[in-house]
$ cat input.cif   # mmCIF, C-alpha atoms and all ligand atoms
data_structure
loop_
_atom_site.label_atom_id
_atom_site.label_comp_id
_atom_site.auth_asym_id
_atom_site.auth_seq_id
_atom_site.Cartn_x
_atom_site.Cartn_y
_atom_site.Cartn_z
CA MET A 1 36.84 -34.85 140.75
CA ASP A 2 33.51 -33.25 141.68
CA ARG A 3 30.84 -33.48 139.09
CA MET A 4 30.05 -30.17 137.43
CA GLY A 5 26.57 -28.81 138.17
CA ILE A 6 24.49 -28.28 135.02
CA GLY A 7 21.20 -26.40 134.59
CA LEU A 8 18.78 -26.93 131.73
CA ILE A 9 16.60 -24.07 130.45
CA GLY A 10 13.96 -25.30 128.03
CA CYS A 11 12.94 -28.94 128.33
CA GLY A 12 11.28 -29.52 124.95
CA GLY A 13 12.16 -31.60 121.91
CA ILE A 14 15.92 -31.06 121.58
CA ALA A 15 16.44 -31.14 125.35
CA ARG A 16 14.69 -34.51 125.62
CA SER A 17 16.15 -36.07 122.51
CA ALA A 18 19.72 -34.74 122.73
CA HIS A 19 20.78 -32.77 125.80
CA LEU A 20 19.35 -34.99 128.53
CA PRO A 21 20.91 -38.09 126.90
CA ALA A 22 24.20 -36.16 126.58
CA ILE A 23 24.13 -35.28 130.29
CA ALA A 24 23.42 -38.93 131.06
CA ALA A 25 26.29 -40.04 128.82
CA LEU A 26 28.67 -37.74 130.73
CA CYS A 27 27.24 -38.58 134.16
CA GLU A 28 30.69 -39.27 135.60
CA HIS A 29 31.59 -35.65 134.94
CA VAL A 30 28.35 -33.65 135.13
CA GLU A 31 25.16 -33.66 137.14
CA LEU A 32 21.82 -32.08 136.25
CA ARG A 33 20.92 -29.95 139.28
CA ALA A 34 18.00 -27.81 138.06
CA THR A 35 15.66 -27.41 135.11
CA ALA A 36 13.28 -24.68 133.95
CA ASP A 37 10.49 -24.60 131.43
CA VAL A 38 7.36 -22.47 131.21
CA ASP A 39 5.63 -25.84 130.88
CA ALA A 40 5.89 -27.04 134.50
CA GLN A 41 5.36 -30.69 133.56
CA ALA A 42 8.22 -30.58 131.05
CA ALA A 43 10.55 -29.07 133.66
CA GLU A 44 9.53 -31.67 136.24
CA ALA A 45 9.84 -34.62 133.87
CA ALA A 46 13.35 -33.55 132.82
CA ALA A 47 14.45 -33.09 136.43
CA ALA A 48 12.92 -36.26 137.85
CA PRO A 49 15.56 -38.89 136.91
CA TRP A 50 18.23 -36.73 138.58
CA GLY A 51 16.20 -35.65 141.59
CA ALA A 52 16.97 -32.13 140.33
CA ALA A 53 15.08 -28.96 141.22
CA HIS A 54 12.61 -27.63 138.66
CA SER A 55 10.90 -24.31 138.01
CA THR A 56 8.85 -22.42 135.47
CA ASP A 57 11.26 -19.48 135.81
CA PHE A 58 14.68 -19.80 134.17
CA ARG A 59 16.12 -17.31 136.66
CA ALA A 60 15.68 -19.88 139.42
CA VAL A 61 18.28 -22.03 137.61
CA LEU A 62 20.65 -19.08 137.24
CA ALA A 63 20.37 -18.21 140.94
CA ARG A 64 21.88 -21.51 142.07
CA PRO A 65 25.52 -21.37 143.19
CA ASP A 66 25.99 -25.12 142.58
CA ILE A 67 25.52 -24.74 138.81
CA ALA A 68 28.55 -23.84 136.69
CA ALA A 69 26.99 -24.09 133.25
CA VAL A 70 23.55 -23.94 131.68
CA ILE A 71 22.18 -25.44 128.52
CA VAL A 72 19.76 -23.04 126.82
CA ALA A 73 17.43 -25.15 124.69
CA THR A 74 14.59 -22.71 124.16
CA PRO A 75 13.34 -21.22 120.86
CA GLU A 76 15.61 -18.77 119.11
CA TYR A 77 13.62 -15.65 120.09
CA LEU A 78 14.54 -16.27 123.76
CA HIS A 79 18.27 -16.90 123.34
CA ALA A 80 19.42 -13.28 123.67
CA GLU A 81 17.57 -12.62 126.91
CA GLN A 82 18.41 -15.94 128.56
CA VAL A 83 22.06 -16.11 127.51
CA SER A 84 22.71 -12.53 128.62
CA ALA A 85 21.06 -13.28 131.99
CA ALA A 86 23.15 -16.45 132.33
CA ALA A 87 26.33 -14.46 131.67
CA ALA A 88 25.32 -11.85 134.24
CA ALA A 89 24.87 -14.71 136.72
CA GLY A 90 28.39 -15.97 135.92
CA LYS A 91 27.25 -19.20 134.22
CA HIS A 92 28.98 -20.75 131.24
CA VAL A 93 26.53 -21.41 128.42
CA LEU A 94 25.78 -24.02 125.80
CA CYS A 95 23.03 -22.37 123.75
CA GLU A 96 21.17 -24.02 120.91
CA LYS A 97 21.51 -22.68 117.40
CA PRO A 98 20.68 -20.28 115.89
CA LEU A 99 22.74 -18.02 118.11
CA ALA A 100 20.15 -15.24 117.85
CA ARG A 101 17.60 -13.63 115.54
CA THR A 102 19.77 -10.67 114.52
CA LEU A 103 23.45 -9.78 114.46
CA ALA A 104 22.79 -7.01 117.00
CA GLU A 105 21.35 -9.59 119.41
CA ALA A 106 24.27 -11.90 118.69
CA ASP A 107 26.80 -9.17 119.45
CA ARG A 108 25.09 -8.33 122.74
CA MET A 109 25.20 -11.99 123.79
CA ILE A 110 28.83 -12.47 122.78
CA ASP A 111 29.85 -9.25 124.55
CA ALA A 112 27.90 -10.20 127.70
CA CYS A 113 29.67 -13.58 127.91
CA ALA A 114 33.09 -12.09 127.14
CA SER A 115 32.65 -9.36 129.78
CA ALA A 116 31.53 -11.91 132.36
CA GLY A 117 34.45 -14.22 131.49
CA VAL A 118 32.17 -17.18 130.71
CA HIS A 119 32.25 -19.50 127.72
CA LEU A 120 29.51 -19.35 125.10
CA LEU A 121 29.26 -22.48 122.96
CA ILE A 122 26.56 -22.43 120.30
CA GLY A 123 25.03 -25.82 119.56
CA HIS A 124 26.15 -26.29 115.99
CA SER A 125 25.93 -29.98 116.74
CA ARG A 126 26.86 -31.11 113.26
CA ARG A 127 30.42 -29.98 113.83
CA PHE A 128 30.58 -32.66 116.52
CA THR A 129 29.28 -35.58 114.46
CA ARG A 130 31.94 -38.14 113.67
CA ARG A 131 31.32 -38.12 109.97
CA TYR A 132 31.63 -34.36 109.65
CA MET A 133 34.70 -34.34 111.89
CA GLU A 134 36.30 -36.92 109.61
CA ILE A 135 35.39 -34.94 106.54
CA ARG A 136 36.93 -31.82 107.98
CA ALA A 137 40.09 -33.75 108.87
CA ALA A 138 40.23 -35.23 105.35
CA ILE A 139 40.03 -31.73 103.85
CA ASP A 140 42.70 -30.48 106.25
CA CYS A 141 44.96 -33.37 105.18
CA GLY A 142 44.61 -32.28 101.56
CA GLU A 143 42.80 -35.45 100.44
CA ILE A 144 40.65 -33.64 97.88
CA GLY A 145 42.90 -30.67 97.18
CA ALA A 146 41.43 -27.17 97.35
CA VAL A 147 37.69 -27.08 98.01
CA ARG A 148 35.82 -25.62 95.04
CA LEU A 149 32.16 -26.67 95.28
CA LEU A 150 30.03 -27.65 98.27
CA ARG A 151 26.39 -28.71 98.45
CA GLU A 152 24.33 -29.45 101.54
CA ASN A 153 20.75 -30.60 101.05
CA GLU A 154 18.28 -31.42 103.77
CA ARG A 155 14.67 -32.58 103.60
CA ARG A 156 12.42 -33.00 106.61
CA SER A 157 8.99 -34.52 106.82
CA ARG A 158 5.95 -32.44 107.69
CA GLY A 159 4.75 -35.50 109.65
CA ARG A 160 5.32 -33.71 112.93
CA PRO A 161 2.39 -33.03 115.27
CA GLN A 162 -0.03 -30.72 113.46
CA VAL A 163 0.45 -28.03 116.10
CA TRP A 164 4.04 -27.60 114.87
CA TRP A 165 2.67 -25.78 111.83
CA THR A 166 0.21 -23.55 113.66
CA PRO A 167 0.85 -20.29 115.54
CA ALA A 168 -0.05 -22.21 118.73
CA HIS A 169 3.56 -23.51 118.61
CA TRP A 170 6.52 -21.18 118.10
CA THR A 171 7.69 -23.09 115.00
CA GLY A 172 4.41 -22.18 113.25
CA ASN A 173 4.34 -18.54 114.31
CA PRO A 174 6.05 -16.22 111.80
CA GLN A 175 6.33 -13.50 114.46
CA ILE A 176 8.79 -15.56 116.49
CA SER A 177 10.15 -18.26 114.16
CA GLY A 178 12.59 -17.76 111.31
CA GLY A 179 11.40 -21.07 109.81
CA ALA A 180 13.62 -23.30 107.69
CA PRO A 181 16.38 -20.69 107.16
CA MET A 182 16.93 -20.12 110.87
CA ILE A 183 16.03 -23.55 112.26
CA ASN A 184 17.74 -25.64 109.60
CA ALA A 185 19.78 -23.67 107.07
CA VAL A 186 21.93 -22.05 109.74
CA HIS A 187 23.50 -25.53 110.06
CA GLU A 188 24.16 -25.55 106.33
CA THR A 189 25.65 -22.05 106.20
CA ASP A 190 27.91 -22.99 109.11
CA LEU A 191 29.08 -26.18 107.42
CA LEU A 192 29.64 -24.57 104.01
CA ARG A 193 31.88 -22.04 105.70
CA TRP A 194 33.61 -24.60 107.93
CA PHE A 195 34.34 -27.08 105.15
CA SER A 196 35.41 -24.43 102.63
CA GLY A 197 37.62 -22.74 105.20
CA GLN A 198 36.69 -19.48 103.52
CA GLU A 199 34.70 -16.37 104.39
CA ALA A 200 31.54 -15.55 102.46
CA GLU A 201 31.67 -12.75 99.91
CA SER A 202 28.05 -12.68 98.71
CA VAL A 203 24.84 -14.68 99.03
CA GLN A 204 21.85 -15.23 96.77
CA ALA A 205 18.72 -17.12 97.81
CA GLU A 206 15.10 -18.02 97.20
CA ILE A 207 12.61 -18.81 99.95
CA ASN A 208 9.06 -20.10 99.88
CA VAL A 209 6.10 -21.16 101.99
CA THR A 210 4.88 -24.39 100.46
CA ILE A 211 2.64 -26.04 103.06
CA PRO A 212 -1.04 -25.02 102.71
CA GLU A 213 -1.72 -25.18 106.45
CA ASN A 214 1.41 -23.18 107.18
CA VAL A 215 0.66 -19.54 107.93
CA GLY A 216 3.68 -17.70 106.66
CA VAL A 217 6.61 -19.58 108.16
CA ILE A 218 9.26 -20.23 105.51
CA ASP A 219 9.59 -23.97 104.88
CA PHE A 220 11.88 -23.89 101.83
CA ILE A 221 15.16 -22.14 101.16
CA SER A 222 17.69 -22.52 98.40
CA LEU A 223 20.86 -20.48 98.79
CA THR A 224 24.16 -20.03 97.02
CA VAL A 225 27.23 -18.54 98.66
CA ARG A 226 30.23 -17.16 96.82
CA PHE A 227 33.31 -17.50 99.05
CA ARG A 228 36.32 -15.21 99.00
CA GLY A 229 38.77 -18.02 98.31
CA GLY A 230 36.98 -19.03 95.10
CA ALA A 231 34.66 -21.76 96.42
CA THR A 232 30.94 -21.86 95.73
CA GLY A 233 28.57 -23.38 98.27
CA SER A 234 24.90 -24.16 97.89
CA ALA A 235 22.27 -25.50 100.23
CA GLU A 236 18.62 -26.45 99.95
CA VAL A 237 16.30 -27.11 102.87
CA LEU A 238 12.77 -28.37 102.44
CA ASN A 239 10.58 -28.96 105.49
CA ASN A 240 7.61 -30.21 103.52
CA THR A 241 8.12 -33.81 102.49
CA PRO A 242 5.12 -36.12 103.04
CA PRO A 243 4.65 -37.81 106.41
CA GLY A 244 6.72 -40.99 106.41
CA TYR A 245 9.26 -39.60 103.95
CA PRO A 246 12.58 -40.30 105.65
CA ALA A 247 14.64 -37.39 106.89
CA PHE A 248 17.10 -37.00 104.07
CA HIS A 249 20.45 -35.38 104.03
CA GLN A 250 23.18 -35.13 101.44
CA LEU A 251 26.54 -33.46 101.46
CA ASP A 252 28.87 -33.25 98.46
CA ILE A 253 32.23 -31.53 98.47
CA TYR A 254 34.30 -31.31 95.29
CA GLY A 255 37.94 -30.32 95.41
CA THR A 256 40.65 -29.86 92.82
CA SER A 257 41.83 -33.48 93.27
CA GLY A 258 38.94 -35.42 94.78
CA ALA A 259 35.45 -35.38 96.23
CA ILE A 260 33.65 -36.38 99.40
CA ARG A 261 30.03 -37.43 99.59
CA ALA A 262 27.96 -38.18 102.68
CA ARG A 263 24.31 -39.24 102.72
CA ASP A 264 21.77 -40.49 105.15
CA HIS A 265 19.78 -43.57 104.20
CA ASP A 266 22.52 -44.85 102.03
CA LEU A 267 24.39 -48.09 102.54
CA THR A 268 27.62 -46.29 101.81
CA GLY A 269 27.29 -43.52 104.36
CA LEU A 270 30.61 -41.89 103.61
CA ALA A 271 32.53 -42.38 100.39
CA ARG A 272 35.82 -40.75 99.55
CA PHE A 273 37.02 -40.55 95.96
CA THR A 274 40.66 -39.64 95.65
CA ASP A 275 43.46 -40.29 93.19
CA SER A 276 44.58 -43.15 95.41
CA GLY A 277 41.23 -44.93 95.26
CA THR A 278 37.79 -45.17 96.77
CA GLU A 279 37.29 -45.82 100.45
CA TYR A 280 34.13 -46.96 102.24
CA PRO A 281 34.60 -46.72 106.01
CA ALA A 282 32.17 -48.37 108.39
CA GLN A 283 28.62 -47.07 108.76
CA TYR A 284 28.12 -43.96 110.84
CA GLU A 285 25.31 -42.57 112.89
CA MET A 286 22.69 -40.41 111.13
CA LEU A 287 24.08 -37.10 110.02
CA LEU A 288 21.15 -35.07 111.21
CA HIS A 289 20.62 -36.39 114.69
CA SER A 290 23.64 -38.03 116.20
CA LEU A 291 23.47 -38.62 119.95
CA PRO A 292 27.25 -38.93 120.42
CA ALA A 293 27.59 -35.50 118.79
CA TYR A 294 25.60 -33.85 121.58
CA ALA A 295 27.72 -35.59 124.23
CA ARG A 296 30.89 -34.38 122.44
CA GLU A 297 29.40 -30.89 122.27
CA LEU A 298 28.71 -30.80 126.03
CA ALA A 299 32.10 -32.39 126.76
CA GLU A 300 33.72 -29.58 124.77
CA LEU A 301 32.19 -26.97 127.08
CA VAL A 302 33.00 -28.95 130.24
CA ASN A 303 36.62 -29.47 129.17
CA ALA A 304 37.06 -25.82 128.20
CA ILE A 305 35.82 -24.80 131.66
CA ARG A 306 37.89 -27.38 133.54
CA ARG A 307 41.09 -26.77 131.59
CA ASP A 308 40.53 -23.04 131.29
CA ARG A 309 41.11 -23.14 127.56
CA ALA A 310 39.38 -21.59 124.54
CA LEU A 311 36.47 -23.37 122.86
CA VAL A 312 37.15 -25.15 119.57
CA MET A 313 34.18 -23.26 118.22
CA PRO A 314 34.13 -19.69 119.53
CA PRO A 315 30.81 -17.83 119.19
CA ALA A 316 32.22 -15.70 116.36
CA GLU A 317 31.87 -18.83 114.20
CA ALA A 318 28.15 -19.09 114.96
CA ARG A 319 27.82 -15.36 114.30
CA ALA A 320 29.37 -15.83 110.85
CA ALA A 321 26.89 -18.63 110.04
CA LEU A 322 24.04 -16.43 111.26
CA ALA A 323 25.26 -13.53 109.09
CA ILE A 324 25.21 -15.72 105.96
CA THR A 325 21.75 -17.03 106.86
CA LEU A 326 20.37 -13.54 107.43
CA ALA A 327 21.95 -12.40 104.15
CA ALA A 328 20.19 -15.29 102.40
CA ILE A 329 16.80 -14.28 103.82
CA ARG A 330 17.44 -10.66 102.81
CA SER A 331 18.51 -11.74 99.34
CA ALA A 332 15.26 -13.66 98.86
CA HIS A 333 13.16 -10.73 100.04
CA GLU A 334 15.02 -8.13 97.96
CA GLY A 335 15.49 -10.28 94.86
CA ARG A 336 19.22 -9.60 94.56
CA ALA A 337 22.56 -10.93 95.70
CA ILE A 338 23.67 -9.55 99.06
CA ASP A 339 27.28 -8.55 99.51
CA MET A 340 28.40 -9.64 102.97
CA GLY A 341 29.79 -6.14 103.50
CA GLU A 342 26.14 -5.02 103.72
CA MET A 343 25.63 -7.28 106.75
CA ALA A 344 28.35 -5.83 108.97
N1 LIG A 401 21.14 -28.80 117.23
C1 LIG A 401 20.12 -29.25 116.53
O1 LIG A 401 20.29 -30.02 115.59
C2 LIG A 401 18.72 -28.81 116.89
C3 LIG A 401 17.63 -29.64 116.62
C4 LIG A 401 16.36 -29.19 117.00
C5 LIG A 401 16.19 -27.95 117.60
N2 LIG A 401 17.28 -27.15 117.83
C6 LIG A 401 17.13 -25.82 118.44
O2 LIG A 401 16.77 -25.97 119.81
C7 LIG A 401 15.93 -24.90 120.21
C8 LIG A 401 14.63 -25.48 120.78
O3 LIG A 401 14.00 -26.27 119.78
P1 LIG A 401 13.01 -27.48 120.17
O4 LIG A 401 12.77 -28.22 118.91
O5 LIG A 401 13.50 -28.21 121.35
O6 LIG A 401 11.68 -26.66 120.55
P2 LIG A 401 10.50 -27.16 121.52
O7 LIG A 401 9.35 -26.24 121.26
O8 LIG A 401 10.30 -28.62 121.39
O9 LIG A 401 11.10 -26.88 122.99
C9 LIG A 401 11.30 -25.59 123.50
C10 LIG A 401 10.98 -25.61 124.98
O10 LIG A 401 11.23 -24.31 125.53
C11 LIG A 401 10.22 -24.05 126.47
N3 LIG A 401 10.11 -22.62 126.71
C12 LIG A 401 9.45 -21.67 126.00
N4 LIG A 401 9.58 -20.46 126.58
C13 LIG A 401 10.37 -20.65 127.68
C14 LIG A 401 10.88 -19.77 128.68
N5 LIG A 401 10.63 -18.46 128.67
N6 LIG A 401 11.65 -20.30 129.67
C15 LIG A 401 11.91 -21.63 129.72
N7 LIG A 401 11.44 -22.51 128.80
C16 LIG A 401 10.69 -22.01 127.78
C17 LIG A 401 8.96 -24.64 125.82
O11 LIG A 401 7.91 -24.81 126.78
C18 LIG A 401 9.50 -25.94 125.27
O12 LIG A 401 9.39 -26.99 126.20
C19 LIG A 401 15.73 -24.02 118.97
O13 LIG A 401 16.67 -22.96 118.97
C20 LIG A 401 16.05 -24.97 117.82
O14 LIG A 401 16.49 -24.32 116.64
C21 LIG A 401 18.53 -27.58 117.50
#

$ encode --input "input.cif" --output "structure tokens" --more "lines below"
Ligand SMILES: NC(=O)c1ccc[n+]([C@@H]2O[C@H](COP(=O)([O-])OP(=O)(O)OC[C@H]3O[C@@H](n4cnc5c(N)ncnc54)[C@H](O)[C@@H]3O)[C@@H](O)[C@H]2O)c1
Amino acid sequence: MDRMGIGLIGCGGIARSAHLPAIAALCEHVELRATADVDAQAAEAAAAPWGAAHSTDFRAVLARPDIAAVIVATPEYLHAEQVSAAAAAGKHVLCEKPLARTLAEADRMIDACASAGVHLLIGHSRRFTRRYMEIRAAIDCGEIGAVRLLRENERRSRGRPQVWWTPAHWTGNPQISGGAPMINAVHETDLLRWFSGQEAESVQAEINVTIPENVGVIDFISLTVRFRGGATGSAEVLNNTPPGYPAFHQLDIYGTSGAIRARDHDLTGLARFTDSGTEYPAQYEMLLHSLPAYARELAELVNAIRRDRALVMPPAEARAALAITLAAIRSAHEGRAIDMGEMA
């Protein structure tokens, strides 16, 4: 079978660390044919191993007839424009999370892809990590009964290049970055919803800017979601641990007849506590950055295109996670719980 032509728009951190390795892992099925980045060197470096074309204009990637799907790995403020343009060009899309900055943008993107008849897969990569997939399957099999409480905590070091925290880089510019809620907590809101299997009813949150050199980009969020089926989910993201502090992640899910816990930097990466005993499966890859997850994510899009079937994660799922995240930000600003009906 011919290899599917792939284009890459945005050749920065996540493209280098996740999407290019994923393309390489699936090299029997896909081929990188063109890249684009406003940083010409980044575009060229990403293209070089494949002998692919490169450009500083993302539209050059979209213009190619030998590309069926594009990966959009640019900052969130560019997703709406680039995904809509990709749809208009008839390209299937794997776009990084968060889907968009607003629900109006999200709806335009989803509509554009639906009208063009192309798939839109949003890169909620954690849904494709083995550990999370196992957890979801365990819940589906009734191992812990009905889910009642969920907690997802994530701490990231500020030991990134200093520029990350300054307006010279999008992540440090409050005009174009949603900070920890949009970069990180949108994963948590997605997982709380996915693992609970319930829709959010209301959200309450606190946010903060805790890093002195940070100029207004939120680096802390604590949120609590009340779900319609009776579950409560909470999440806390802190992007301000000292340099060298290991990326830390913890997930706890308590059900009516058991619990599941998953942690990074823990010799017992996944422990299940059920009435029939405690189980310690083999060690897993890191929760937060799992290379096989990105290959599974890309394979999901490729298979959906080839088999002409629906995606396991339609974009409405990413929209729902975005809605909870935006409700959390609004709650923090307005100092009150936000009913999800207010976010429609
Ligand atoms: N799935 C995950 O776990 C995960 C992890 C990290 C980042 N992300 C997401 O990936 C996206 C990118 O994050 P990143 O950390 O790679 O950022 P980054 O700044 O490292 O890379 C972004 C790249 O986009 C390029 N770019 C900017 N404007 C462009 C334009 N108009 N056209 C083409 N390229 C352009 C930049 O030059 C840069 O190379 C964000 O949405 C982020 O939230 C997801």

$ closest_residue --input "input.cif" --among "A:Trp165, A:Phe195, A:Phe220, A:Tyr254" --to "ligand LIG 401 (chain A)" --atoms "all atoms listed in the file"
A:Trp165

$ residues_around --input "input.cif" --residues "range 13-22 of chain A" --least-positions-apart "2" --cutoff "6 Å" --atoms "only C-alpha atoms" --output "count of residues only"
5

$ closest_residue --input "input.cif" --among "A:Thr74, A:Gln41, A:Gln204, A:Thr166" --to "Glu334 in chain A" --atoms "only C-alpha atoms"
A:Gln204

$ residues_around --input "input.cif" --residues "range 56-67 of chain A" --least-positions-apart "6" --cutoff "8 Å" --atoms "all atoms listed in the file" --output "list of chain:residue names"
A:Met4, A:Gly5, A:Ile6, A:Gly7, A:Leu8, A:Ile9, A:Arg33, A:Ala34, A:Thr35, A:Ala36, A:Asp37, A:Val38, A:Asp39, A:Ala40, A:Ala43, A:Gln82, A:Ala85, A:Ala86, A:Ala89, A:Lys91

$ axis_aligned_box --input "input.cif" --around "ligand LIG 401 (chain A)" --padding-each-side "5 Å" --output "lines of an AutoDock Vina configuration file"
center_x = 14.5
center_y = -24.2
center_z = 122.7
size_x = 23.2
size_y = 21.6
size_z = 24.1
